[in-house]
$ cat work.tsv   # TSV, C-alpha atoms
chain	number	residue	atom	x	y	z
F	1	MET	CA	141.49	-8.44	-19.56
F	2	GLY	CA	140.40	-11.61	-21.37
F	3	ARG	CA	137.61	-12.36	-23.82
F	4	GLU	CA	136.26	-15.74	-24.71
F	5	MET	CA	133.25	-17.45	-26.22
F	6	GLY	CA	131.61	-20.30	-24.38
F	7	MET	CA	129.57	-23.28	-25.52
F	8	THR	CA	126.37	-21.38	-24.82
F	9	ASP	CA	127.13	-18.61	-27.29
F	10	CYS	CA	127.90	-16.09	-24.58
F	11	MET	CA	131.03	-13.98	-24.35
F	12	ILE	CA	132.87	-13.59	-21.05
F	13	GLU	CA	135.26	-10.77	-20.31
F	14	ARG	CA	137.05	-10.05	-17.05
F	15	ASP	CA	138.47	-6.71	-16.04
F	16	GLY	CA	139.87	-6.67	-12.51
F	17	ASN	CA	137.11	-7.54	-10.05
F	18	GLU	CA	134.38	-7.20	-12.69
F	19	LEU	CA	133.14	-9.97	-14.94
F	20	CYS	CA	131.02	-9.04	-17.96
F	21	ILE	CA	128.94	-11.81	-19.50
F	22	THR	CA	127.38	-10.94	-22.84
F	23	LEU	CA	124.63	-13.51	-23.07
F	24	GLY	CA	123.51	-15.22	-26.26
F	25	LYS	CA	119.90	-15.27	-27.54
F	26	THR	CA	118.69	-17.37	-24.63
F	27	LEU	CA	119.29	-17.71	-20.90
F	28	THR	CA	117.40	-20.91	-20.22
F	29	ALA	CA	117.79	-24.34	-18.62
F	30	ALA	CA	120.00	-25.50	-21.50
F	31	ASP	CA	122.44	-22.60	-21.04
F	32	VAL	CA	122.64	-22.30	-17.29
F	33	PRO	CA	124.91	-25.17	-16.10
F	34	GLU	CA	128.01	-23.98	-17.93
F	35	VAL	CA	127.54	-20.32	-17.01
F	36	ARG	CA	126.85	-21.16	-13.36
F	37	GLY	CA	130.11	-23.11	-13.02
F	38	ARG	CA	132.11	-20.33	-14.60
F	39	ILE	CA	130.62	-17.65	-12.32
F	40	LYS	CA	131.41	-19.70	-9.23
F	41	GLU	CA	135.03	-20.11	-10.35
F	42	GLU	CA	135.39	-16.39	-10.99
F	43	ILE	CA	133.91	-15.40	-7.62
F	44	ASP	CA	136.31	-17.81	-5.94
F	45	GLU	CA	139.11	-16.01	-7.80
F	46	GLY	CA	138.11	-12.52	-6.66
F	47	VAL	CA	135.32	-11.24	-8.93
F	48	ARG	CA	132.95	-8.97	-6.97
F	49	GLU	CA	130.65	-7.64	-9.68
F	50	VAL	CA	129.09	-9.63	-12.50
F	51	VAL	CA	127.48	-7.64	-15.30
F	52	PHE	CA	125.03	-9.56	-17.48
F	53	ASP	CA	124.62	-7.88	-20.86
F	54	PHE	CA	121.22	-8.81	-22.31
F	55	SER	CA	121.58	-6.85	-25.55
F	56	LYS	CA	121.31	-10.05	-27.66
F	57	THR	CA	118.95	-11.93	-25.36
F	58	THR	CA	115.33	-12.49	-26.32
F	59	SER	CA	114.38	-15.52	-24.18
F	60	MET	CA	114.76	-16.34	-20.52
F	61	ASP	CA	113.00	-18.89	-18.31
F	62	SER	CA	112.78	-19.55	-14.57
F	63	THR	CA	116.07	-21.46	-14.59
F	64	GLY	CA	117.75	-18.39	-16.08
F	65	ILE	CA	116.18	-16.24	-13.37
F	66	GLY	CA	117.45	-18.73	-10.80
F	67	LEU	CA	120.98	-18.35	-12.14
F	68	LEU	CA	120.85	-14.56	-11.74
F	69	ILE	CA	119.59	-14.83	-8.16
F	70	ALA	CA	122.12	-17.51	-7.21
F	71	ALA	CA	124.92	-15.35	-8.62
F	72	ASN	CA	123.62	-12.34	-6.71
F	73	ASN	CA	123.35	-14.35	-3.48
F	74	SER	CA	126.94	-15.59	-3.86
F	75	LEU	CA	128.21	-12.09	-4.56
F	76	ASN	CA	126.23	-10.53	-1.69
F	77	ALA	CA	128.05	-12.92	0.64
F	78	VAL	CA	131.34	-11.26	-0.36
F	79	GLN	CA	129.94	-7.69	-0.53
F	80	GLY	CA	129.45	-7.88	-4.28
F	81	ALA	CA	126.43	-7.75	-6.62
F	82	VAL	CA	125.15	-8.45	-10.10
F	83	ARG	CA	124.02	-5.87	-12.62
F	84	LEU	CA	121.78	-6.47	-15.63
F	85	ILE	CA	122.11	-4.13	-18.61
F	86	HIS	CA	120.30	-3.72	-21.96
F	87	VAL	CA	117.35	-5.78	-20.76
F	88	SER	CA	114.51	-6.00	-23.30
F	89	SER	CA	111.06	-4.76	-22.32
F	90	ASP	CA	109.63	-8.29	-22.32
F	91	ILE	CA	112.32	-9.64	-20.00
F	92	MET	CA	112.05	-6.53	-17.83
F	93	LYS	CA	108.30	-7.17	-17.43
F	94	LEU	CA	109.05	-10.76	-16.45
F	95	LEU	CA	111.53	-9.59	-13.81
F	96	GLN	CA	109.07	-6.96	-12.58
F	97	SER	CA	106.38	-9.59	-12.18
F	98	MET	CA	108.82	-11.51	-9.94
F	99	ARG	CA	109.73	-8.30	-8.02
F	100	LEU	CA	113.39	-8.67	-8.98
F	101	THR	CA	114.37	-5.57	-10.98
F	102	THR	CA	115.79	-3.67	-8.01
F	103	ARG	CA	117.40	-6.67	-6.39
F	104	LEU	CA	119.17	-7.56	-9.65
F	105	ASN	CA	119.99	-3.92	-10.60
F	106	ALA	CA	118.26	-4.35	-13.97
F	107	THR	CA	118.18	-1.58	-16.56
F	108	GLY	CA	116.71	-1.55	-20.04
F	109	ASP	CA	118.01	-0.41	-23.41
E	110	MET	CA	99.53	-23.85	-40.83
E	111	ARG	CA	97.78	-23.27	-37.51
E	112	SER	CA	98.94	-26.27	-35.51
E	113	PHE	CA	101.69	-28.84	-35.11
E	114	TYR	CA	102.46	-31.88	-33.03
E	115	LYS	CA	105.95	-32.95	-31.97
E	116	SER	CA	107.39	-35.78	-29.98
E	117	ILE	CA	110.90	-35.01	-28.78
E	118	PRO	CA	113.45	-36.98	-26.75
E	119	SER	CA	114.24	-35.96	-23.16
E	120	ASP	CA	117.04	-33.65	-24.23
E	121	LEU	CA	117.03	-29.88	-23.70
E	122	SER	CA	118.85	-29.33	-26.98
E	123	GLY	CA	115.60	-29.98	-28.87
E	124	VAL	CA	113.68	-27.13	-27.27
E	125	ASP	CA	115.12	-24.29	-29.39
E	126	ALA	CA	113.88	-25.85	-32.64
E	127	LEU	CA	110.44	-26.32	-31.13
E	128	CYS	CA	110.26	-22.65	-30.14
E	129	LEU	CA	111.39	-21.55	-33.60
E	130	GLU	CA	108.60	-23.57	-35.19
E	131	ALA	CA	106.07	-22.01	-32.82
E	132	HIS	CA	107.43	-18.59	-33.74
E	133	ASP	CA	106.93	-19.30	-37.44
E	134	VAL	CA	103.32	-20.36	-36.89
E	135	LEU	CA	102.57	-17.28	-34.79
E	136	ARG	CA	104.17	-14.95	-37.32
E	137	SER	CA	102.38	-16.48	-40.30
E	138	ASN	CA	99.06	-16.05	-38.47
E	139	GLY	CA	99.55	-12.44	-37.41
E	140	ALA	CA	100.20	-13.27	-33.76
E	141	ALA	CA	103.93	-12.54	-33.52
E	142	THR	CA	103.35	-10.15	-30.60
E	143	ARG	CA	102.54	-13.18	-28.42
E	144	TRP	CA	105.87	-14.78	-29.17
E	145	PHE	CA	107.58	-13.93	-25.87
E	146	ALA	CA	104.78	-15.43	-23.77
E	147	VAL	CA	104.48	-18.54	-25.93
E	148	ASP	CA	108.26	-19.03	-26.08
E	149	LEU	CA	108.51	-18.59	-22.31
E	150	LEU	CA	105.72	-21.08	-21.57
E	151	LEU	CA	106.97	-23.63	-24.08
E	152	ARG	CA	110.47	-23.52	-22.60
E	153	GLU	CA	109.22	-23.55	-19.02
E	154	PHE	CA	106.88	-26.51	-19.35
E	155	VAL	CA	108.83	-28.59	-21.88
E	156	ASN	CA	111.98	-28.17	-19.77
E	157	ASN	CA	109.97	-29.24	-16.72
E	158	ALA	CA	108.69	-32.30	-18.56
E	159	ILE	CA	112.24	-33.26	-19.59
E	160	ILE	CA	113.97	-32.53	-16.28
E	161	HIS	CA	111.36	-33.26	-13.60
E	162	GLY	CA	108.88	-35.44	-15.49
E	163	ASN	CA	111.09	-37.76	-17.52
E	164	LYS	CA	114.20	-37.21	-15.34
E	165	ARG	CA	116.14	-36.81	-18.63
E	166	ASP	CA	115.61	-40.51	-19.37
E	167	PRO	CA	116.69	-40.94	-23.03
E	168	LEU	CA	114.09	-43.68	-23.48
E	169	LYS	CA	111.22	-41.36	-22.59
E	170	ARG	CA	109.72	-38.68	-24.81
E	171	VAL	CA	107.82	-35.44	-24.42
E	172	ASP	CA	104.79	-34.84	-26.66
E	173	ILE	CA	103.88	-31.29	-27.57
E	174	GLY	CA	100.72	-30.08	-29.25
E	175	PHE	CA	100.54	-26.48	-30.50
E	176	ARG	CA	97.33	-25.01	-31.91
E	177	LEU	CA	95.83	-21.63	-32.74
E	178	TRP	CA	92.14	-21.87	-32.07
E	179	ASP	CA	89.39	-19.28	-31.75
E	180	GLY	CA	91.62	-16.48	-30.48
E	181	TRP	CA	93.78	-18.70	-28.31
E	182	VAL	CA	97.19	-20.29	-28.51
E	183	VAL	CA	96.74	-23.72	-26.95
E	184	LEU	CA	99.78	-25.68	-25.77
E	185	ALA	CA	99.56	-29.26	-24.54
E	186	ILE	CA	102.66	-30.90	-23.08
E	187	GLN	CA	102.83	-34.47	-21.88
E	188	ASP	CA	105.66	-36.46	-20.33
E	189	GLU	CA	106.13	-40.13	-19.44
E	190	GLY	CA	107.06	-39.59	-15.81
E	191	ARG	CA	105.30	-40.56	-12.60
E	192	GLY	CA	103.41	-37.30	-12.34
E	193	PHE	CA	103.21	-35.00	-9.34
E	194	ASN	CA	100.62	-33.65	-6.96
E	195	TRP	CA	100.08	-30.30	-8.64
E	196	GLN	CA	97.17	-29.45	-6.35
E	197	GLU	CA	99.55	-29.15	-3.42
E	198	ARG	CA	102.06	-26.92	-5.21
E	199	PRO	CA	101.84	-23.30	-4.04
E	200	VAL	CA	101.36	-20.80	-6.87
E	201	CYS	CA	102.98	-17.69	-5.45
E	202	VAL	CA	106.15	-15.73	-6.06
E	203	PRO	CA	108.83	-17.22	-3.80
E	204	ASP	CA	111.15	-15.23	-1.54
E	205	ASP	CA	113.36	-12.80	-3.45
E	206	ASP	CA	116.53	-14.76	-2.69
E	207	ALA	CA	115.08	-18.16	-3.67
E	208	ASP	CA	116.81	-19.39	-6.81
E	209	SER	CA	114.02	-21.81	-7.82
E	210	GLY	CA	110.26	-22.24	-7.58
E	211	ARG	CA	109.08	-19.72	-10.18
E	212	GLY	CA	108.11	-22.02	-13.06
E	213	LEU	CA	104.51	-22.63	-12.09
E	214	VAL	CA	104.03	-18.97	-11.15
E	215	ILE	CA	105.17	-17.98	-14.64
E	216	GLY	CA	102.64	-20.42	-16.07
E	217	PHE	CA	99.77	-18.77	-14.24
E	218	LEU	CA	101.02	-15.26	-15.03
E	219	TYR	CA	101.43	-15.71	-18.78
E	220	ALA	CA	98.65	-18.17	-19.56
E	221	ARG	CA	94.98	-17.39	-18.96
E	222	HIS	CA	94.21	-21.01	-18.12
E	223	VAL	CA	96.51	-23.79	-16.86
E	224	ARG	CA	95.04	-27.28	-16.58
E	225	TYR	CA	96.81	-30.41	-15.37
E	226	SER	CA	95.67	-33.97	-15.88
E	227	ARG	CA	94.77	-35.78	-12.68
E	228	LYS	CA	98.16	-37.51	-12.54
E	229	GLY	CA	100.08	-34.34	-13.42
E	230	THR	CA	101.85	-35.72	-16.49
E	231	ARG	CA	99.95	-33.55	-18.97
E	232	VAL	CA	99.47	-29.80	-18.84
E	233	THR	CA	97.40	-27.67	-21.19
E	234	LEU	CA	97.84	-23.90	-21.37
E	235	TRP	CA	95.62	-21.31	-23.04
E	236	ILE	CA	97.25	-18.02	-24.03
E	237	PRO	CA	95.15	-15.24	-25.56
E	238	MET	CA	96.32	-14.37	-29.08
E	239	HIS	CA	96.01	-10.68	-28.17
E	240	GLU	CA	98.17	-8.80	-25.68
E	241	GLU	CA	97.02	-8.37	-22.12
E	242	ASP	CA	98.52	-6.70	-19.10
E	243	LEU	CA	100.26	-9.03	-16.62
E	244	SER	CA	98.66	-7.19	-13.75
E	245	GLU	CA	95.13	-8.06	-14.90
$ encode --input "work.tsv" --output "C-alpha coordinates"
Amino acid sequence: MGREMGMTDCMIERDGNELCITLGKTLTAADVPEVRGRIKEEIDEGVREVVFDFSKTTSMDSTGIGLLIAANNSLNAVQGAVRLIHVSSDIMKLLQSMRLTTRLNATGD
Amino acid sequence: MRSFYKSIPSDLSGVDALCLEAHDVLRSNGAATRWFAVDLLLREFVNNAIIHGNKRDPLKRVDIGFRLWDGWVVLAIQDEGRGFNWQERPVCVPDDDADSGRGLVIGFLYARHVRYSRKGTRVTLWIPMHEEDLSE
(Lines of atoms letter the chains of each structure in order from A and count residues from 1; the text may use other names and numbers.)
(Lines give C-alpha, C1' and ligand atoms only; values in the text may rest on other atoms or scores of the structure.)
Protein backbone atom coordinates (compact mmCIF):
# COMPACT_ATOMS: atom_id res chain seq x y z
CA MET A 1 0.00 0.00 0.00
CA GLY A 2 1.46 3.38 -0.96
CA ARG A 3 0.42 6.95 -0.24
CA GLU A 4 1.55 10.02 -2.06
CA MET A 5 0.62 13.62 -2.71
CA GLY A 6 0.47 14.90 -6.25
CA MET A 7 0.91 18.34 -7.77
CA THR A 8 -2.84 18.85 -7.75
CA ASP A 9 -3.16 18.53 -3.99
CA CYS A 10 -4.75 15.11 -4.18
CA MET A 11 -3.60 12.03 -2.32
CA ILE A 12 -3.31 8.69 -4.09
CA GLU A 13 -3.28 5.37 -2.30
CA ARG A 14 -3.20 1.90 -3.84
CA ASP A 15 -4.29 -1.27 -2.12
CA GLY A 16 -4.20 -4.32 -4.38
CA ASN A 17 -6.52 -3.76 -7.33
CA GLU A 18 -8.09 -0.66 -5.77
CA LEU A 19 -6.86 2.88 -6.17
CA CYS A 20 -8.19 5.55 -3.81
CA ILE A 21 -7.79 9.16 -4.92
CA THR A 22 -8.57 11.73 -2.24
CA LEU A 23 -9.17 14.81 -4.32
CA GLY A 24 -8.18 18.34 -3.33
CA LYS A 25 -10.59 21.30 -3.20
CA THR A 26 -11.13 21.28 -6.95
CA LEU A 27 -11.50 18.78 -9.78
CA THR A 28 -11.32 21.11 -12.75
CA ALA A 29 -9.50 21.62 -16.04
CA ALA A 30 -6.33 22.68 -14.21
CA ASP A 31 -6.23 19.47 -12.15
CA VAL A 32 -7.28 16.86 -14.67
CA PRO A 33 -4.22 16.23 -16.90
CA GLU A 34 -1.99 14.91 -14.12
CA VAL A 35 -4.70 12.76 -12.54
CA ARG A 36 -5.76 11.33 -15.91
CA GLY A 37 -2.22 10.16 -16.71
CA ARG A 38 -1.83 8.54 -13.33
CA ILE A 39 -5.14 6.65 -13.59
CA LYS A 40 -4.21 5.30 -17.01
CA GLU A 41 -0.87 4.04 -15.68
CA GLU A 42 -2.54 2.34 -12.73
CA ILE A 43 -5.18 0.62 -14.87
CA ASP A 44 -2.42 -0.63 -17.15
CA GLU A 45 -0.77 -2.05 -14.03
CA GLY A 46 -3.84 -3.94 -12.82
CA VAL A 47 -6.10 -1.51 -10.93
CA ARG A 48 -9.78 -2.47 -11.41
CA GLU A 49 -11.56 -0.09 -9.05
CA VAL A 50 -10.86 3.61 -8.61
CA VAL A 51 -12.46 5.31 -5.62
CA PHE A 52 -12.65 9.10 -5.79
CA ASP A 53 -12.99 10.59 -2.31
CA PHE A 54 -14.70 13.99 -2.58
CA SER A 55 -14.64 14.80 1.14
CA LYS A 56 -12.44 17.89 0.56
CA THR A 57 -13.83 18.83 -2.85
CA THR A 58 -16.04 21.87 -3.28
CA SER A 59 -15.64 22.64 -7.01
CA MET A 60 -15.89 20.55 -10.14
CA ASP A 61 -16.40 21.52 -13.78
CA SER A 62 -17.23 19.66 -17.00
CA THR A 63 -13.58 18.68 -17.51
CA GLY A 64 -13.63 17.05 -14.08
CA ILE A 65 -16.82 15.21 -15.01
CA GLY A 66 -15.12 14.11 -18.23
CA LEU A 67 -12.24 12.65 -16.25
CA LEU A 68 -14.62 10.56 -14.12
CA ILE A 69 -16.43 9.22 -17.19
CA ALA A 70 -13.21 8.48 -19.07
CA ALA A 71 -11.88 6.59 -16.04
CA ASN A 72 -15.14 4.65 -15.77
CA ASN A 73 -15.09 3.82 -19.50
CA SER A 74 -11.50 2.55 -19.25
CA LEU A 75 -12.33 0.45 -16.20
CA ASN A 76 -15.53 -0.95 -17.73
CA ALA A 77 -13.41 -2.27 -20.59
CA VAL A 78 -11.54 -4.46 -18.07
CA GLN A 79 -14.61 -5.32 -15.94
CA GLY A 80 -13.85 -2.60 -13.43
CA ALA A 81 -15.61 0.59 -12.28
CA VAL A 82 -15.23 3.87 -10.46
CA ARG A 83 -16.89 4.81 -7.18
CA LEU A 84 -17.44 8.32 -5.85
CA ILE A 85 -17.70 8.78 -2.08
CA HIS A 86 -18.41 11.73 0.25
CA VAL A 87 -19.85 13.80 -2.60
CA SER A 88 -21.22 17.19 -1.49
CA SER A 89 -24.86 18.00 -2.15
CA ASP A 90 -23.95 20.65 -4.73
CA ILE A 91 -21.74 18.29 -6.72
CA MET A 92 -24.33 15.52 -6.37
CA LYS A 93 -26.97 17.83 -7.88
CA LEU A 94 -24.61 18.60 -10.75
CA LEU A 95 -24.09 14.88 -11.40
CA GLN A 96 -27.83 14.26 -11.13
CA SER A 97 -28.52 16.94 -13.70
CA MET A 98 -26.16 15.07 -16.05
CA ARG A 99 -27.82 11.70 -15.20
CA LEU A 100 -24.51 10.31 -13.94
CA THR A 101 -24.97 9.39 -10.27
CA THR A 102 -25.78 5.74 -10.91
CA ARG A 103 -23.27 5.29 -13.69
CA LEU A 104 -20.49 6.71 -11.49
CA ASN A 105 -21.68 4.97 -8.27
CA ALA A 106 -21.84 8.30 -6.45
CA THR A 107 -22.76 8.56 -2.78
CA GLY A 108 -22.96 11.58 -0.53
CA ASP A 109 -21.67 12.32 2.96
CA MET B 1 -17.76 46.08 -3.38
CA ARG B 2 -20.36 44.76 -5.82
CA SER B 3 -18.30 44.35 -8.96
CA PHE B 4 -14.82 43.77 -10.33
CA TYR B 5 -13.07 43.56 -13.65
CA LYS B 6 -10.05 41.36 -14.36
CA SER B 7 -7.87 40.70 -17.34
CA ILE B 8 -5.92 37.46 -16.97
CA PRO B 9 -3.39 35.67 -19.18
CA SER B 10 -4.36 32.46 -20.98
CA ASP B 11 -3.22 30.28 -18.11
CA LEU B 12 -5.52 28.04 -16.07
CA SER B 13 -3.52 28.72 -12.92
CA GLY B 14 -5.14 32.16 -12.64
CA VAL B 15 -8.69 30.87 -12.39
CA ASP B 16 -8.62 29.89 -8.70
CA ALA B 17 -7.79 33.44 -7.59
CA LEU B 18 -10.59 34.79 -9.73
CA CYS B 19 -13.10 32.42 -8.13
CA LEU B 20 -11.91 33.34 -4.64
CA GLU B 21 -12.47 37.02 -5.38
CA ALA B 22 -15.97 36.26 -6.65
CA HIS B 23 -16.62 34.29 -3.48
CA ASP B 24 -15.57 37.25 -1.33
CA VAL B 25 -17.91 39.60 -3.20
CA LEU B 26 -20.84 37.18 -2.91
CA ARG B 27 -20.22 36.62 0.79
CA SER B 28 -19.92 40.31 1.60
CA ASN B 29 -23.23 40.94 -0.17
CA GLY B 30 -25.20 38.15 1.49
CA ALA B 31 -25.24 35.92 -1.58
CA ALA B 32 -22.84 33.17 -0.49
CA THR B 33 -25.46 30.49 -1.21
CA ARG B 34 -24.96 31.16 -4.93
CA TRP B 35 -21.26 30.45 -4.71
CA PHE B 36 -21.33 26.94 -6.21
CA ALA B 37 -23.23 28.07 -9.31
CA VAL B 38 -21.08 31.17 -9.80
CA ASP B 39 -17.84 29.25 -9.20
CA LEU B 40 -18.94 26.53 -11.63
CA LEU B 41 -19.88 29.00 -14.37
CA LEU B 42 -16.76 31.11 -13.92
CA ARG B 43 -14.52 28.05 -14.18
CA GLU B 44 -16.47 26.59 -17.08
CA PHE B 45 -16.50 29.69 -19.26
CA VAL B 46 -13.10 31.15 -18.33
CA ASN B 47 -11.49 27.75 -18.92
CA ASN B 48 -13.27 27.60 -22.29
CA ALA B 49 -12.00 31.06 -23.18
CA ILE B 50 -8.43 30.06 -22.29
CA ILE B 51 -8.43 26.60 -23.87
CA HIS B 52 -10.76 26.86 -26.87
CA GLY B 53 -10.92 30.62 -27.42
CA ASN B 54 -7.32 31.74 -26.95
CA LYS B 55 -5.83 28.25 -27.53
CA ARG B 56 -3.65 28.94 -24.44
CA ASP B 57 -1.75 31.59 -26.40
CA PRO B 58 0.34 33.44 -23.77
CA LEU B 59 0.03 36.66 -25.76
CA LYS B 60 -3.76 36.64 -25.53
CA ARG B 61 -5.84 37.56 -22.50
CA VAL B 62 -9.27 36.81 -21.10
CA ASP B 63 -11.33 39.70 -19.73
CA ILE B 64 -13.81 39.01 -16.96
CA GLY B 65 -16.48 41.33 -15.63
CA PHE B 66 -18.34 40.39 -12.43
CA ARG B 67 -21.26 42.43 -11.14
CA LEU B 68 -24.12 42.13 -8.67
CA TRP B 69 -27.03 44.04 -10.10
CA ASP B 70 -30.72 44.17 -9.26
CA GLY B 71 -30.95 40.63 -7.90
CA TRP B 72 -28.60 39.12 -10.47
CA VAL B 73 -25.01 38.01 -10.62
CA VAL B 74 -23.82 39.04 -14.07
CA LEU B 75 -20.68 37.49 -15.54
CA ALA B 76 -19.15 38.67 -18.80
CA ILE B 77 -16.22 36.75 -20.26
CA GLN B 78 -14.38 37.72 -23.41
CA ASP B 79 -11.49 36.07 -25.22
CA GLU B 80 -9.28 37.10 -28.14
CA GLY B 81 -9.87 34.01 -30.25
CA ARG B 82 -11.56 33.56 -33.61
CA GLY B 83 -14.95 32.87 -32.10
CA PHE B 84 -17.24 29.96 -32.86
CA ASN B 85 -20.68 29.34 -34.29
CA TRP B 86 -22.55 29.01 -31.01
CA GLN B 87 -25.91 28.90 -32.77
CA GLU B 88 -25.05 25.50 -34.21
CA ARG B 89 -23.89 23.98 -30.92
CA PRO B 90 -26.45 21.55 -29.49
CA VAL B 91 -27.47 22.33 -25.91
CA CYS B 92 -28.39 18.90 -24.59
CA VAL B 93 -26.88 16.40 -22.20
CA PRO B 94 -24.58 14.15 -24.24
CA ASP B 95 -24.55 10.34 -24.11
CA ASP B 96 -23.70 8.98 -20.67
CA ASP B 97 -20.34 7.61 -21.81
CA ALA B 98 -19.26 10.81 -23.60
CA ASP B 99 -16.35 12.35 -21.72
CA SER B 100 -16.84 15.87 -23.14
CA GLY B 101 -19.57 18.19 -24.40
CA ARG B 102 -21.20 19.23 -21.12
CA GLY B 103 -19.84 22.76 -20.71
CA LEU B 104 -22.55 24.62 -22.58
CA VAL B 105 -25.27 22.47 -21.01
CA ILE B 106 -23.99 23.45 -17.57
CA GLY B 107 -24.15 27.09 -18.64
CA PHE B 108 -27.82 26.83 -19.54
CA LEU B 109 -28.64 24.79 -16.42
CA TYR B 110 -27.03 27.10 -13.87
CA ALA B 111 -27.56 30.50 -15.50
CA ARG B 112 -31.01 31.92 -16.22
CA HIS B 113 -29.77 33.69 -19.33
CA VAL B 114 -26.75 32.95 -21.56
CA ARG B 115 -25.97 35.42 -24.33
CA TYR B 116 -23.15 35.20 -26.86
CA SER B 117 -21.86 38.01 -29.02
CA ARG B 118 -22.41 37.47 -32.73
CA LYS B 119 -18.83 36.24 -33.22
CA GLY B 120 -18.92 34.03 -30.12
CA THR B 121 -15.91 35.58 -28.38
CA ARG B 122 -17.93 37.16 -25.57
CA VAL B 123 -20.48 35.46 -23.34
CA THR B 124 -22.66 37.08 -20.69
CA LEU B 125 -24.41 35.01 -18.04
CA TRP B 126 -27.15 36.06 -15.61
CA ILE B 127 -27.49 34.03 -12.42
CA PRO B 128 -30.28 34.83 -9.95
CA MET B 129 -28.91 35.88 -6.56
CA HIS B 130 -31.50 33.63 -4.91
CA GLU B 131 -31.59 29.83 -5.06
CA GLU B 132 -33.71 28.10 -7.64
CA ASP B 133 -34.34 24.47 -8.45
CA LEU B 134 -32.34 23.08 -11.40
CA SER B 135 -35.43 21.31 -12.65
CA GLU B 136 -37.34 24.57 -13.13
$ residues_around --input "work.tsv" --residues "range 18-29 of chain F" --least-positions-apart "6" --cutoff "9 Å" --atoms "all atoms listed in the file" --output "PyMOL selection string"
(chain F and resi 8-12+35+39+42+46-65+67) or (chain E and resi 121+152-153+156)
$ interface_residues --input "work.tsv" --of "chain E" --to "chain F" --cutoff "12 Å" --atoms "all atoms listed in the file" --output "PyMOL selection string"
chain E and resi 120-125+128-129+142-157+159-160+201-219+240+242-245
$ atom_distance --input "work.tsv" --atom1 "CA of Ile43 in chain F" --atom2 "CA of Asn76 in chain F"
10.9 Å
$ residues_around --input "work.tsv" --residues "Ser137 in chain E" --least-positions-apart "6" --cutoff "12 Å" --atoms "all atoms listed in the file" --output "PyMOL selection string"
chain E and resi 110-112+130-131+144+177
$ atom_distance --input "work.tsv" --atom1 "CA of Leu168 in chain E" --atom2 "CA of Arg227 in chain E"
23.5 Å
$ atom_distance --input "work.tsv" --atom1 "CA of Trp235 in chain E" --atom2 "CA of Ile186 in chain E"
11.9 Å
$ closest_residue --input "work.tsv" --among "E:Arg136, E:Arg191, E:Pro118, E:Val182" --to "Pro167 in chain E" --atoms "only C-alpha atoms"
E:Pro118
$ closest_residue --input "work.tsv" --among "F:Ser89, F:Thr107, F:Glu45, F:Leu95" --to "Gly16 in chain F" --atoms "only C-alpha atoms"
F:Glu45
$ residues_around --input "work.tsv" --residues "Tyr225 in chain E" --least-positions-apart "2" --cutoff "12 Å" --atoms "only C-alpha atoms" --output "list in words"
Phe154, Leu184, Ala185, Ile186, Gln187, Asp188, Gly192, Phe193, Asn194, Trp195, Gln196, Arg198, Leu213, Gly216, His222, Val223, Arg227, Lys228, Gly229, Thr230, Arg231, Val232, Thr233, Leu234 and Trp235 of chain E
$ closest_residue --input "work.tsv" --among "F:Thr102, F:Glu13, F:Ile85, F:Ser74" --to "Arg36 in chain F" --atoms "only C-alpha atoms"
F:Ser74
$ closest_residue --input "work.tsv" --among "E:His239, E:Leu127, E:Ser119, E:Gly190" --to "Gly162 in chain E" --atoms "only C-alpha atoms"
E:Gly190
